[in-house]
file structure.txt (compact mmCIF, C-alpha atoms and all ligand atoms)
# COMPACT_ATOMS: atom_id res chain seq x y z
CA MET A 1 0.00 0.00 0.00
CA SER A 2 1.38 3.44 -0.86
CA LYS A 3 1.92 5.97 1.92
CA LYS A 4 -0.90 8.49 2.28
CA SER A 5 0.15 11.90 1.09
CA ILE A 6 -0.28 14.90 3.40
CA THR A 7 -1.71 18.18 2.13
CA LEU A 8 -1.62 21.33 4.25
CA LEU A 9 -2.97 24.82 3.87
CA ALA A 10 -0.65 27.37 5.52
CA ILE A 11 -1.49 30.90 6.59
CA GLU A 12 0.90 33.76 7.44
CA SER A 13 -0.24 37.12 8.86
CA SER A 14 2.40 38.15 11.40
CA CYS A 15 3.23 41.59 10.05
CA ASP A 16 2.22 43.35 6.83
CA ASP A 17 2.14 40.45 4.34
CA THR A 18 -0.95 38.26 4.00
CA GLY A 19 0.12 34.81 2.79
CA ALA A 20 -1.48 31.47 1.99
CA ALA A 21 0.21 28.37 0.58
CA VAL A 22 -0.58 24.75 -0.16
CA VAL A 23 2.14 22.25 0.72
CA ARG A 24 1.89 18.56 -0.19
CA ASP A 25 4.42 16.12 1.26
CA GLY A 26 6.89 18.89 1.92
CA VAL A 27 6.59 20.38 -1.57
CA VAL A 28 5.14 23.87 -2.04
CA LEU A 29 2.35 23.64 -4.64
CA SER A 30 1.34 27.31 -4.37
CA ASN A 31 2.62 30.32 -2.43
CA VAL A 32 0.52 33.48 -2.62
CA THR A 33 1.53 36.72 -0.87
CA SER A 34 -0.34 40.01 -0.79
CA SER A 35 2.00 42.75 0.45
CA GLN A 36 0.47 45.83 1.99
CA VAL A 37 1.78 48.96 0.29
CA GLU A 38 -0.42 51.29 2.40
CA HIS A 39 2.28 51.56 5.14
CA ARG A 40 4.76 53.28 2.83
CA LEU A 41 3.00 56.61 3.35
CA HIS A 42 3.55 56.27 7.10
CA GLY A 43 7.25 55.34 7.09
CA GLY A 44 6.64 52.09 8.98
CA VAL A 45 4.03 49.42 9.62
CA VAL A 46 0.86 50.84 11.27
CA PRO A 47 -0.52 47.93 13.34
CA GLU A 48 -4.22 48.74 13.08
CA LEU A 49 -3.98 49.38 9.35
CA ALA A 50 -2.17 46.05 8.98
CA SER A 51 -4.89 44.01 10.69
CA ARG A 52 -7.64 45.69 8.67
CA GLN A 53 -5.78 44.92 5.45
CA HIS A 54 -5.27 41.27 6.48
CA LEU A 55 -9.02 41.02 6.98
CA ILE A 56 -9.64 42.29 3.45
CA HIS A 57 -7.00 40.11 1.77
CA ILE A 58 -7.03 36.84 3.65
CA LEU A 59 -9.94 35.08 1.93
CA PRO A 60 -8.96 36.02 -1.65
CA VAL A 61 -5.36 34.97 -0.91
CA ILE A 62 -6.50 31.57 0.45
CA ARG A 63 -8.82 31.10 -2.54
CA GLU A 64 -5.97 31.87 -4.94
CA ALA A 65 -3.55 29.50 -3.17
CA LEU A 66 -6.09 26.64 -3.36
CA ASP A 67 -6.93 27.39 -7.02
CA LYS A 68 -3.28 27.58 -8.07
CA ALA A 69 -2.55 24.26 -6.35
CA GLU A 70 -5.78 22.78 -7.75
CA ILE A 71 -6.69 21.56 -4.28
CA ARG A 72 -10.23 21.55 -2.82
CA LEU A 73 -10.88 22.36 0.84
CA ASP A 74 -12.04 18.78 1.46
CA GLU A 75 -8.64 17.46 0.33
CA LEU A 76 -6.78 19.23 3.16
CA ASP A 77 -5.27 17.19 6.02
CA ALA A 78 -4.31 20.10 8.30
CA VAL A 79 -4.04 23.87 8.62
CA GLY A 80 -0.65 25.35 9.53
CA PHE A 81 -0.45 28.93 10.74
CA THR A 82 1.90 31.51 12.25
CA ARG A 83 1.10 31.73 15.95
CA GLY A 84 3.79 34.37 16.61
CA PRO A 85 5.90 36.36 17.13
CA GLY A 86 4.44 39.39 15.39
CA LEU A 87 1.84 42.14 15.65
CA LEU A 88 -1.07 40.92 17.77
CA GLY A 89 -3.82 42.44 15.62
CA SER A 90 -2.26 40.94 12.50
CA LEU A 91 -1.75 37.50 14.04
CA ILE A 92 -5.38 37.40 15.28
CA VAL A 93 -6.65 37.49 11.69
CA GLY A 94 -4.59 34.51 10.50
CA VAL A 95 -5.04 32.52 13.71
CA SER A 96 -8.84 33.00 13.74
CA MET A 97 -9.12 32.06 10.08
CA SER A 98 -7.00 28.93 10.63
CA LYS A 99 -9.03 27.83 13.64
CA ALA A 100 -12.32 28.40 11.84
CA LEU A 101 -11.18 26.39 8.82
CA ALA A 102 -9.80 23.52 10.90
CA LEU A 103 -13.00 23.38 12.96
CA ALA A 104 -15.26 23.45 9.91
CA LEU A 105 -13.22 20.81 8.05
CA GLY A 106 -12.59 18.62 11.11
CA ILE A 107 -8.82 18.60 10.56
CA PRO A 108 -5.89 19.33 12.93
CA LEU A 109 -4.17 22.65 13.53
CA VAL A 110 -0.40 23.05 13.47
CA GLU A 111 1.03 26.23 14.99
CA VAL A 112 4.32 27.52 13.64
CA HIS A 113 6.92 29.88 15.13
CA HIS A 114 7.55 32.53 12.47
CA MET A 115 11.34 32.48 13.00
CA HIS A 116 11.50 28.66 12.76
CA ALA A 117 9.73 29.01 9.43
CA HIS A 118 12.30 31.49 8.07
CA VAL A 119 14.97 28.85 8.77
CA LEU A 120 12.92 25.97 7.37
CA ALA A 121 12.38 27.95 4.14
CA HIS A 122 15.62 26.23 3.08
CA PHE A 123 13.71 22.95 2.92
CA ALA A 124 11.31 24.33 0.29
CA GLN A 125 13.93 23.84 -2.41
CA GLU A 126 16.75 21.57 -3.56
CA PRO A 127 19.41 20.90 -2.47
CA LYS A 128 18.24 20.72 1.13
CA PRO A 129 20.76 21.37 3.92
CA GLU A 130 22.06 18.43 5.94
CA PHE A 131 22.02 18.45 9.74
CA PRO A 132 23.61 19.96 11.70
CA PHE A 133 23.06 23.21 9.87
CA LEU A 134 23.72 26.85 10.81
CA CYS A 135 21.34 29.59 9.69
CA LEU A 136 21.73 33.36 9.92
CA THR A 137 18.17 34.70 10.05
CA VAL A 138 17.99 38.42 9.37
CA SER A 139 14.68 40.25 9.17
CA GLY A 140 12.98 43.49 10.17
CA GLY A 141 12.53 42.32 13.76
CA HIS A 142 15.19 39.65 14.31
CA THR A 143 18.86 38.88 13.83
CA GLN A 144 19.68 35.34 14.89
CA ILE A 145 22.22 32.61 14.37
CA VAL A 146 20.34 29.33 14.69
CA ARG A 147 21.82 25.86 15.14
CA VAL A 148 19.51 23.37 13.46
CA MET A 149 19.86 19.74 14.57
CA GLY A 150 16.62 18.53 12.94
CA HIS A 151 13.43 19.89 11.34
CA THR A 152 11.87 20.49 14.76
CA ASP A 153 15.09 20.90 16.76
CA LEU A 154 16.29 24.50 16.47
CA GLU A 155 18.32 26.58 18.93
CA VAL A 156 19.30 30.27 18.86
CA ILE A 157 23.04 30.55 19.60
CA GLY A 158 23.44 34.27 18.79
CA THR A 159 21.03 37.18 18.70
CA THR A 160 20.92 40.98 18.64
CA ILE A 161 21.07 42.77 21.95
CA ASP A 162 19.24 45.82 20.51
CA ASP A 163 18.15 46.56 16.90
CA ALA A 164 17.72 43.98 14.15
CA ALA A 165 19.74 44.13 10.91
CA GLY A 166 16.61 45.02 8.92
CA GLU A 167 15.94 47.87 11.34
CA ALA A 168 19.48 49.16 10.74
CA PHE A 169 18.65 49.34 7.02
CA ASP A 170 15.21 50.85 7.59
CA LYS A 171 16.35 53.46 10.14
CA THR A 172 19.25 54.50 7.92
CA GLY A 173 16.74 54.88 5.10
CA LYS A 174 14.62 57.16 7.28
CA MET A 175 17.64 59.40 7.97
CA LEU A 176 18.30 59.57 4.23
CA GLY A 177 14.64 60.30 3.41
CA LEU A 178 14.15 57.00 1.53
CA ASP A 179 10.88 55.07 1.21
CA TYR A 180 9.91 52.38 3.74
CA PRO A 181 11.02 49.60 3.82
CA ALA A 182 14.42 51.00 2.94
CA GLY A 183 16.38 47.72 2.72
CA PRO A 184 15.59 47.08 -0.96
CA VAL A 185 16.10 50.80 -1.81
CA ILE A 186 19.53 50.89 -0.15
CA ASP A 187 20.43 47.67 -1.96
CA ARG A 188 19.53 49.31 -5.30
CA LEU A 189 21.27 52.66 -4.66
CA ALA A 190 24.41 50.97 -3.29
CA LYS A 191 24.97 49.36 -6.69
CA HIS A 192 25.78 52.86 -8.04
CA GLY A 193 28.09 53.81 -5.16
CA GLN A 194 31.34 52.85 -3.43
CA PRO A 195 31.81 52.00 0.28
CA VAL A 196 34.12 54.99 0.83
CA PHE A 197 32.84 56.02 4.27
CA ASP A 198 34.01 54.07 7.31
CA PHE A 199 31.66 53.16 10.14
CA PRO A 200 32.96 51.36 13.22
CA GLU A 201 31.94 47.76 13.88
CA PRO A 202 30.47 47.23 17.36
CA LYS A 203 32.44 45.19 19.85
CA VAL A 204 30.02 42.59 21.13
CA ARG A 205 31.30 39.42 22.74
CA GLY A 206 30.44 35.95 21.55
CA LEU A 207 27.88 35.35 18.85
CA ASP A 208 25.59 38.28 19.69
CA PHE A 209 25.02 41.36 17.54
CA SER A 210 24.40 45.05 18.16
CA PHE A 211 23.24 47.65 15.64
CA SER A 212 22.16 50.62 17.76
CA GLY A 213 25.68 52.09 18.02
CA LEU A 214 26.00 51.94 14.25
CA LYS A 215 22.70 53.81 13.91
CA THR A 216 24.03 56.58 16.19
CA SER A 217 27.34 56.84 14.35
CA ILE A 218 25.51 57.13 11.00
CA LEU A 219 23.32 59.88 12.48
CA TYR A 220 26.30 61.88 13.81
CA PHE A 221 28.18 61.39 10.54
CA LEU A 222 25.23 62.72 8.51
CA GLN A 223 24.68 65.67 10.87
CA LYS A 224 28.35 66.66 10.62
CA GLU A 225 28.53 66.34 6.83
CA MET A 226 25.20 68.12 6.28
CA ALA A 227 26.34 71.04 8.48
CA ALA A 228 29.39 71.45 6.22
CA ASN A 229 27.47 70.82 2.97
CA PRO A 230 23.64 70.80 2.93
CA GLN A 231 23.73 68.92 -0.40
CA PHE A 232 25.77 66.05 1.07
CA ILE A 233 22.95 63.47 1.19
CA ASN A 234 21.63 64.47 -2.23
CA THR A 235 24.98 64.19 -3.93
CA ARG A 236 26.48 61.22 -2.05
CA VAL A 237 23.45 59.03 -1.29
CA ASN A 238 24.77 56.10 -3.36
CA ASP A 239 28.13 56.08 -1.57
CA ILE A 240 26.42 56.41 1.83
CA CYS A 241 24.19 53.43 1.02
CA ALA A 242 27.14 51.34 -0.21
CA SER A 243 29.10 52.17 2.96
CA VAL A 244 26.28 51.40 5.39
CA GLN A 245 25.42 48.19 3.56
CA ALA A 246 29.07 47.10 3.58
CA VAL A 247 29.43 47.48 7.34
CA ILE A 248 26.11 45.70 8.09
CA VAL A 249 27.11 42.79 5.84
CA ARG A 250 30.57 42.64 7.47
CA ILE A 251 29.09 42.56 10.99
CA LEU A 252 26.71 39.74 10.01
CA LEU A 253 29.25 37.57 8.23
CA ASP A 254 32.02 37.99 10.82
CA LYS A 255 29.70 36.55 13.48
CA LEU A 256 28.48 33.79 11.19
CA ALA A 257 32.10 32.80 10.51
CA LEU A 258 32.78 32.77 14.25
CA ALA A 259 29.69 30.58 14.83
CA SER A 260 30.89 28.11 12.19
CA ARG A 261 34.35 28.03 13.75
CA GLU A 262 32.98 27.49 17.27
CA THR A 263 30.46 24.78 16.31
CA GLY A 264 32.46 23.15 13.52
CA ILE A 265 29.34 23.27 11.33
CA ARG A 266 29.94 23.94 7.63
CA GLU A 267 26.42 23.55 6.26
CA VAL A 268 25.49 27.23 6.40
CA GLY A 269 22.52 29.28 5.19
CA ILE A 270 21.02 32.76 5.31
CA ALA A 271 17.31 33.50 5.63
CA GLY A 272 14.77 36.28 6.32
CA GLY A 273 13.97 39.53 4.52
CA VAL A 274 17.51 40.93 4.68
CA SER A 275 18.86 37.76 3.00
CA ALA A 276 17.36 39.21 -0.20
CA ASN A 277 20.19 41.78 -0.06
CA SER A 278 22.45 41.32 -3.08
CA GLU A 279 25.67 42.33 -1.32
CA LEU A 280 24.96 39.95 1.58
CA ARG A 281 24.30 37.13 -0.91
CA LYS A 282 27.52 37.86 -2.80
CA LYS A 283 29.74 38.20 0.28
CA PHE A 284 28.09 35.15 1.89
CA GLU A 285 29.08 33.01 -1.11
CA GLU A 286 32.63 34.45 -1.07
CA THR A 287 32.99 33.77 2.66
CA GLY A 288 31.61 30.27 2.17
CA ASN A 289 34.10 29.53 -0.61
CA ARG A 290 36.95 30.79 1.51
CA LEU A 291 35.95 28.79 4.61
CA GLY A 292 34.84 25.59 2.88
CA TRP A 293 31.12 25.90 3.63
CA LYS A 294 28.30 24.34 1.73
CA THR A 295 26.09 27.44 1.35
CA TYR A 296 22.31 27.71 1.10
CA VAL A 297 20.37 30.78 -0.01
CA PRO A 298 16.58 30.68 -0.37
CA ALA A 299 14.87 31.87 -3.55
CA PHE A 300 13.61 35.48 -3.21
CA GLU A 301 9.98 34.41 -2.69
CA TYR A 302 11.06 32.44 0.41
CA CYS A 303 13.25 35.22 1.89
CA THR A 304 10.62 37.79 2.85
CA ASP A 305 7.47 36.82 4.75
CA ASN A 306 5.47 34.13 2.95
CA ALA A 307 3.19 31.22 3.81
CA GLY A 308 5.22 28.64 1.84
CA MET A 309 7.81 28.56 4.63
CA ILE A 310 5.02 28.27 7.22
CA GLY A 311 3.66 25.26 5.31
CA ILE A 312 7.09 23.60 5.22
CA ALA A 313 7.57 24.10 8.97
CA ALA A 314 4.02 22.85 9.63
CA TYR A 315 4.61 19.76 7.47
CA TYR A 316 7.57 18.65 9.61
CA LYS A 317 5.64 19.35 12.82
CA TYR A 318 2.76 17.29 11.43
CA LEU A 319 5.15 14.39 10.81
CA ALA A 320 6.43 14.76 14.38
CA GLY A 321 2.83 14.67 15.68
CA GLN A 322 3.01 18.22 17.08
CA PHE A 323 -0.55 19.55 16.86
CA SER A 324 -2.32 22.48 18.55
CA GLU A 325 -5.57 22.58 20.50
CA GLN A 326 -8.59 24.57 19.24
CA SER A 327 -8.00 26.86 22.24
CA VAL A 328 -4.67 28.08 20.81
CA GLY A 329 -4.31 31.85 20.56
CA PRO A 330 -1.88 34.26 18.88
CA ALA A 331 1.32 35.18 20.74
CA ALA A 332 2.93 38.54 19.91
CA ARG A 333 5.98 37.34 21.84
CA LEU A 334 6.74 33.68 21.52
CA GLU A 335 9.71 31.80 22.92
CA PHE A 336 11.87 30.33 20.17
O1 LIG A 401 11.48 38.84 6.96
P1 LIG A 401 10.82 40.11 6.58
O2 LIG A 401 10.08 40.18 5.26
O3 LIG A 401 9.79 40.57 7.65
C1 LIG A 401 10.02 40.45 9.01
O4 LIG A 401 10.60 41.41 9.57
O5 LIG A 401 9.65 39.39 9.57
O6 LIG A 401 11.97 41.25 6.61
C2 LIG A 401 11.71 42.59 6.33
C3 LIG A 401 13.03 43.35 6.40
C4 LIG A 401 12.88 44.86 6.29
O7 LIG A 401 13.66 45.47 7.30
C5 LIG A 401 13.46 45.19 4.91
O8 LIG A 401 14.04 46.48 4.82
C6 LIG A 401 14.50 44.11 4.76
O9 LIG A 401 13.89 42.95 5.32
N1 LIG A 401 14.88 43.84 3.36
C7 LIG A 401 16.10 44.11 2.86
C8 LIG A 401 16.05 43.78 1.48
N2 LIG A 401 14.79 43.30 1.20
C9 LIG A 401 14.09 43.35 2.37
N3 LIG A 401 17.21 44.59 3.45
C10 LIG A 401 18.28 44.77 2.68
N4 LIG A 401 18.32 44.49 1.35
C11 LIG A 401 17.25 44.00 0.71
N5 LIG A 401 17.29 43.71 -0.59
ZN ZN A 402 9.66 37.44 8.84
call {"tool": "encode", "arguments": {"input": "structure.txt", "output": "structure tokens"}}
result
Amino acid sequence: MSKKSITLLAIESSCDDTGAAVVRDGVVLSNVTSSQVEHRLHGGVVPELASRQHLIHILPVIREALDKAEIRLDELDAVGFTRGPGLLGSLIVGVSMSKALALALGIPLVEVHHMHAHVLAHFAQEPKPEFPFLCLTVSGGHTQIVRVMGHTDLEVIGTTIDDAAGEAFDKTGKMLGLDYPAGPVIDRLAKHGQPVFDFPEPKVRGLDFSFSGLKTSILYFLQKEMAANPQFINTRVNDICASVQAVIVRILLDKLALASRETGIREVGIAGGVSANSELRKKFEETGNRLGWKTYVPAFEYCTDNAGMIGIAAYYKYLAGQFSEQSVGPAARLEF
């Protein structure tokens, strides 16, 4: 008798992207994301606006994910969803929808930790990493080095003590008057500039990170240069972006190299929104070549927030028999 296949619907609504995906036997059949552009006008994510937008988009996004995968609701074996961490009002929309669907269909619920899912995004494509595996997860809210011993066995071994790497990009963008989120804009502008300005790397012990000192030194640098020449930002924005990007990438990869040295692990990946950064991708490959790593970089659609990665994480939890009760609620803060 052939093994029964397992089909999951996955839902992501932790921040400002509404996502739904269908995953069958660990393979993503569809991955639909509706990104909210409304926040751009506000220079950051407005929580109440985000939850209202999730409410508008969630059903059409689920419908589209099912249609693309050519899967009917009655063919689903479970619903996987992001329980946290994230914005409470945003999480409530995805969690309530998942619970309602699971209840109506009489199928189990599988809760997923959003940051586990960023790491497990590597298992959405080939080749898949082998265990043990090290992952640098860099997003708007987190900067973590994760040691992965198995699909459901993940441990944070380094983290930021203040700002996240994505925040360093976004806050720099704000100082430069760039659109939110500034990470992709800085990435684009940096391609036309040179990293000619030096910013000091923070001295943080062990595998932890810090980005708040860098933010302050960028602010003082800009204030000083603008006092001498009010056109400084206008005329040198590309070089400023290249310089800031270079130091952020250096900080991230120096710690990742240290983590690999300390753990002896050479299966190494990057994940999360900031892993879409082209300089980080390039320097990560160079570092990997130099240090003898087998490197893993997710496709762009699996770097930023998406439900495909939630479905992959939920699939492995399903196999491990890790289900949630109908009483499960969202958790804005959730232990890793
Ligand atoms: O993982 P993500 O989509 O959302 C969460 O924070 O969970 O990450 C969003 C972050 C933002 O800070 C954004 O500026 C950054 O990822 N980002 C980038 C790039 N694309 C997105 N940062 C640098 N370069 C990029 N190309
Ligand atoms: Zn994320």
call {"tool": "residues_near_ligand", "arguments": {"input": "structure.txt", "ligand": "ligand ZN 402 (chain A)", "cutoff": "7 Å", "atoms": "all atoms listed in the file", "output": "list in words"}}
result
His114, Met115, His118, Ser139, Gly272, Gly273, Thr304 and Asp305 of chain A
call {"tool": "residues_around", "arguments": {"input": "structure.txt", "residues": "Glu12 (chain A)", "least_positions_apart": "2", "cutoff": "8 Å", "atoms": "all atoms listed in the file", "output": "PyMOL selection string"}}
result
chain A and resi 10+14+17-20+81-82+94+305-307+310
call {"tool": "closest_residue", "arguments": {"input": "structure.txt", "among": "A:Glu126, A:Asp239, A:Asp198, A:Asp16", "to": "ligand LIG 401 (chain A)", "atoms": "only C-alpha atoms and all ligand atoms"}}
result
A:Asp16
call {"tool": "atom_distance", "arguments": {"input": "structure.txt", "atom1": "CA of Ala331 (chain A)", "atom2": "CA of Ser13 (chain A)"}}
result
12.1 Å
call {"tool": "closest_residue", "arguments": {"input": "structure.txt", "among": "A:Gln231, A:Thr137, A:Gln53, A:Thr287", "to": "ligand LIG 401 (chain A)", "atoms": "all atoms listed in the file"}}
result
A:Thr137
call {"tool": "residues_around", "arguments": {"input": "structure.txt", "residues": "Val138 (chain A)", "least_positions_apart": "2", "cutoff": "9 Å", "atoms": "only C-alpha atoms", "output": "ChimeraX atom specification"}}
result
/A:136,140-145,164-166,252,270-275
call {"tool": "write_last_selection", "arguments": {"input": "structure.txt", "atoms": "C-alpha atoms", "output": "tab-separated table (two decimals), in the frame of the given file"}}
result
chain	number	residue	atom	x	y	z
A	136	LEU	CA	21.73	33.36	9.92
A	140	GLY	CA	12.98	43.49	10.17
A	141	GLY	CA	12.53	42.32	13.76
A	142	HIS	CA	15.19	39.65	14.31
A	143	THR	CA	18.86	38.88	13.83
A	144	GLN	CA	19.68	35.34	14.89
A	145	ILE	CA	22.22	32.61	14.37
A	164	ALA	CA	17.72	43.98	14.15
A	165	ALA	CA	19.74	44.13	10.91
A	166	GLY	CA	16.61	45.02	8.92
A	252	LEU	CA	26.71	39.74	10.01
A	270	ILE	CA	21.02	32.76	5.31
A	271	ALA	CA	17.31	33.50	5.63
A	272	GLY	CA	14.77	36.28	6.32
A	273	GLY	CA	13.97	39.53	4.52
A	274	VAL	CA	17.51	40.93	4.68
A	275	SER	CA	18.86	37.76	3.00
call {"tool": "decode", "arguments": {"input": "structure.txt", "residues": "region 21-30 of chain A", "atoms": "all heavy atoms", "output": "mmCIF file, in the first residue's frame"}}
result
data_model
loop_
_atom_site.group_PDB
_atom_site.id
_atom_site.type_symbol
_atom_site.label_atom_id
_atom_site.label_comp_id
_atom_site.auth_asym_id
_atom_site.auth_seq_id
_atom_site.Cartn_x
_atom_site.Cartn_y
_atom_site.Cartn_z
ATOM 1 N N ALA A 21 -0.538 29.316 1.421
ATOM 2 C CA ALA A 21 0.206 28.375 0.582
ATOM 3 C C ALA A 21 -0.385 26.988 0.753
ATOM 4 O O ALA A 21 -0.983 26.682 1.787
ATOM 5 C CB ALA A 21 1.683 28.361 0.988
ATOM 6 N N VAL A 22 -0.215 26.164 -0.274
ATOM 7 C CA VAL A 22 -0.576 24.754 -0.158
ATOM 8 C C VAL A 22 0.715 23.945 -0.278
ATOM 9 O O VAL A 22 1.513 24.170 -1.200
ATOM 10 C CB VAL A 22 -1.588 24.332 -1.242
ATOM 11 C CG1 VAL A 22 -1.871 22.832 -1.143
ATOM 12 C CG2 VAL A 22 -2.885 25.125 -1.095
ATOM 13 N N VAL A 23 0.934 23.076 0.690
ATOM 14 C CA VAL A 23 2.144 22.246 0.720
ATOM 15 C C VAL A 23 1.726 20.783 0.770
ATOM 16 O O VAL A 23 0.929 20.391 1.620
ATOM 17 C CB VAL A 23 3.012 22.612 1.956
ATOM 18 C CG1 VAL A 23 4.157 21.631 2.127
ATOM 19 C CG2 VAL A 23 3.547 24.029 1.821
ATOM 20 N N ARG A 24 2.205 19.998 -0.187
ATOM 21 C CA ARG A 24 1.891 18.557 -0.186
ATOM 22 C C ARG A 24 3.189 17.772 -0.026
ATOM 23 O O ARG A 24 4.124 17.936 -0.806
ATOM 24 C CB ARG A 24 1.187 18.164 -1.493
ATOM 25 C CG ARG A 24 1.027 16.659 -1.645
ATOM 26 C CD ARG A 24 0.091 16.282 -2.765
ATOM 27 N NE ARG A 24 -1.292 16.321 -2.310
ATOM 28 C CZ ARG A 24 -2.331 16.106 -3.118
ATOM 29 N NH1 ARG A 24 -2.148 15.851 -4.401
ATOM 30 N NH2 ARG A 24 -3.558 16.138 -2.632
ATOM 31 N N ASP A 25 3.249 16.954 0.993
ATOM 32 C CA ASP A 25 4.424 16.115 1.260
ATOM 33 C C ASP A 25 5.732 16.904 1.235
ATOM 34 O O ASP A 25 6.741 16.459 0.653
ATOM 35 C CB ASP A 25 4.484 14.948 0.262
ATOM 36 C CG ASP A 25 3.258 14.066 0.378
ATOM 37 O OD1 ASP A 25 2.685 13.998 1.484
ATOM 38 O OD2 ASP A 25 2.857 13.464 -0.639
ATOM 39 N N GLY A 26 5.680 18.089 1.825
ATOM 40 C CA GLY A 26 6.893 18.895 1.923
ATOM 41 C C GLY A 26 7.247 19.658 0.653
ATOM 42 O O GLY A 26 8.318 20.264 0.568
ATOM 43 N N VAL A 27 6.352 19.648 -0.332
ATOM 44 C CA VAL A 27 6.594 20.385 -1.574
ATOM 45 C C VAL A 27 5.574 21.513 -1.672
ATOM 46 O O VAL A 27 4.373 21.293 -1.493
ATOM 47 C CB VAL A 27 6.458 19.446 -2.804
ATOM 48 C CG1 VAL A 27 6.627 20.229 -4.107
ATOM 49 C CG2 VAL A 27 7.452 18.300 -2.712
ATOM 50 N N VAL A 28 6.051 22.727 -1.948
ATOM 51 C CA VAL A 28 5.141 23.873 -2.043
ATOM 52 C C VAL A 28 4.441 23.847 -3.406
ATOM 53 O O VAL A 28 5.074 23.974 -4.446
ATOM 54 C CB VAL A 28 5.916 25.203 -1.867
ATOM 55 C CG1 VAL A 28 4.970 26.395 -1.978
ATOM 56 C CG2 VAL A 28 6.639 25.222 -0.523
ATOM 57 N N LEU A 29 3.113 23.674 -3.379
ATOM 58 C CA LEU A 29 2.346 23.640 -4.637
ATOM 59 C C LEU A 29 1.928 25.043 -5.056
ATOM 60 O O LEU A 29 1.792 25.329 -6.239
ATOM 61 C CB LEU A 29 1.090 22.768 -4.483
ATOM 62 C CG LEU A 29 1.303 21.298 -4.124
ATOM 63 C CD1 LEU A 29 -0.036 20.555 -4.107
ATOM 64 C CD2 LEU A 29 2.257 20.622 -5.096
ATOM 65 N N SER A 30 1.680 25.911 -4.066
ATOM 66 C CA SER A 30 1.343 27.305 -4.373
ATOM 67 C C SER A 30 1.772 28.160 -3.198
ATOM 68 O O SER A 30 1.807 27.688 -2.055
ATOM 69 C CB SER A 30 -0.163 27.454 -4.612
ATOM 70 O OG SER A 30 -0.867 27.155 -3.417
#
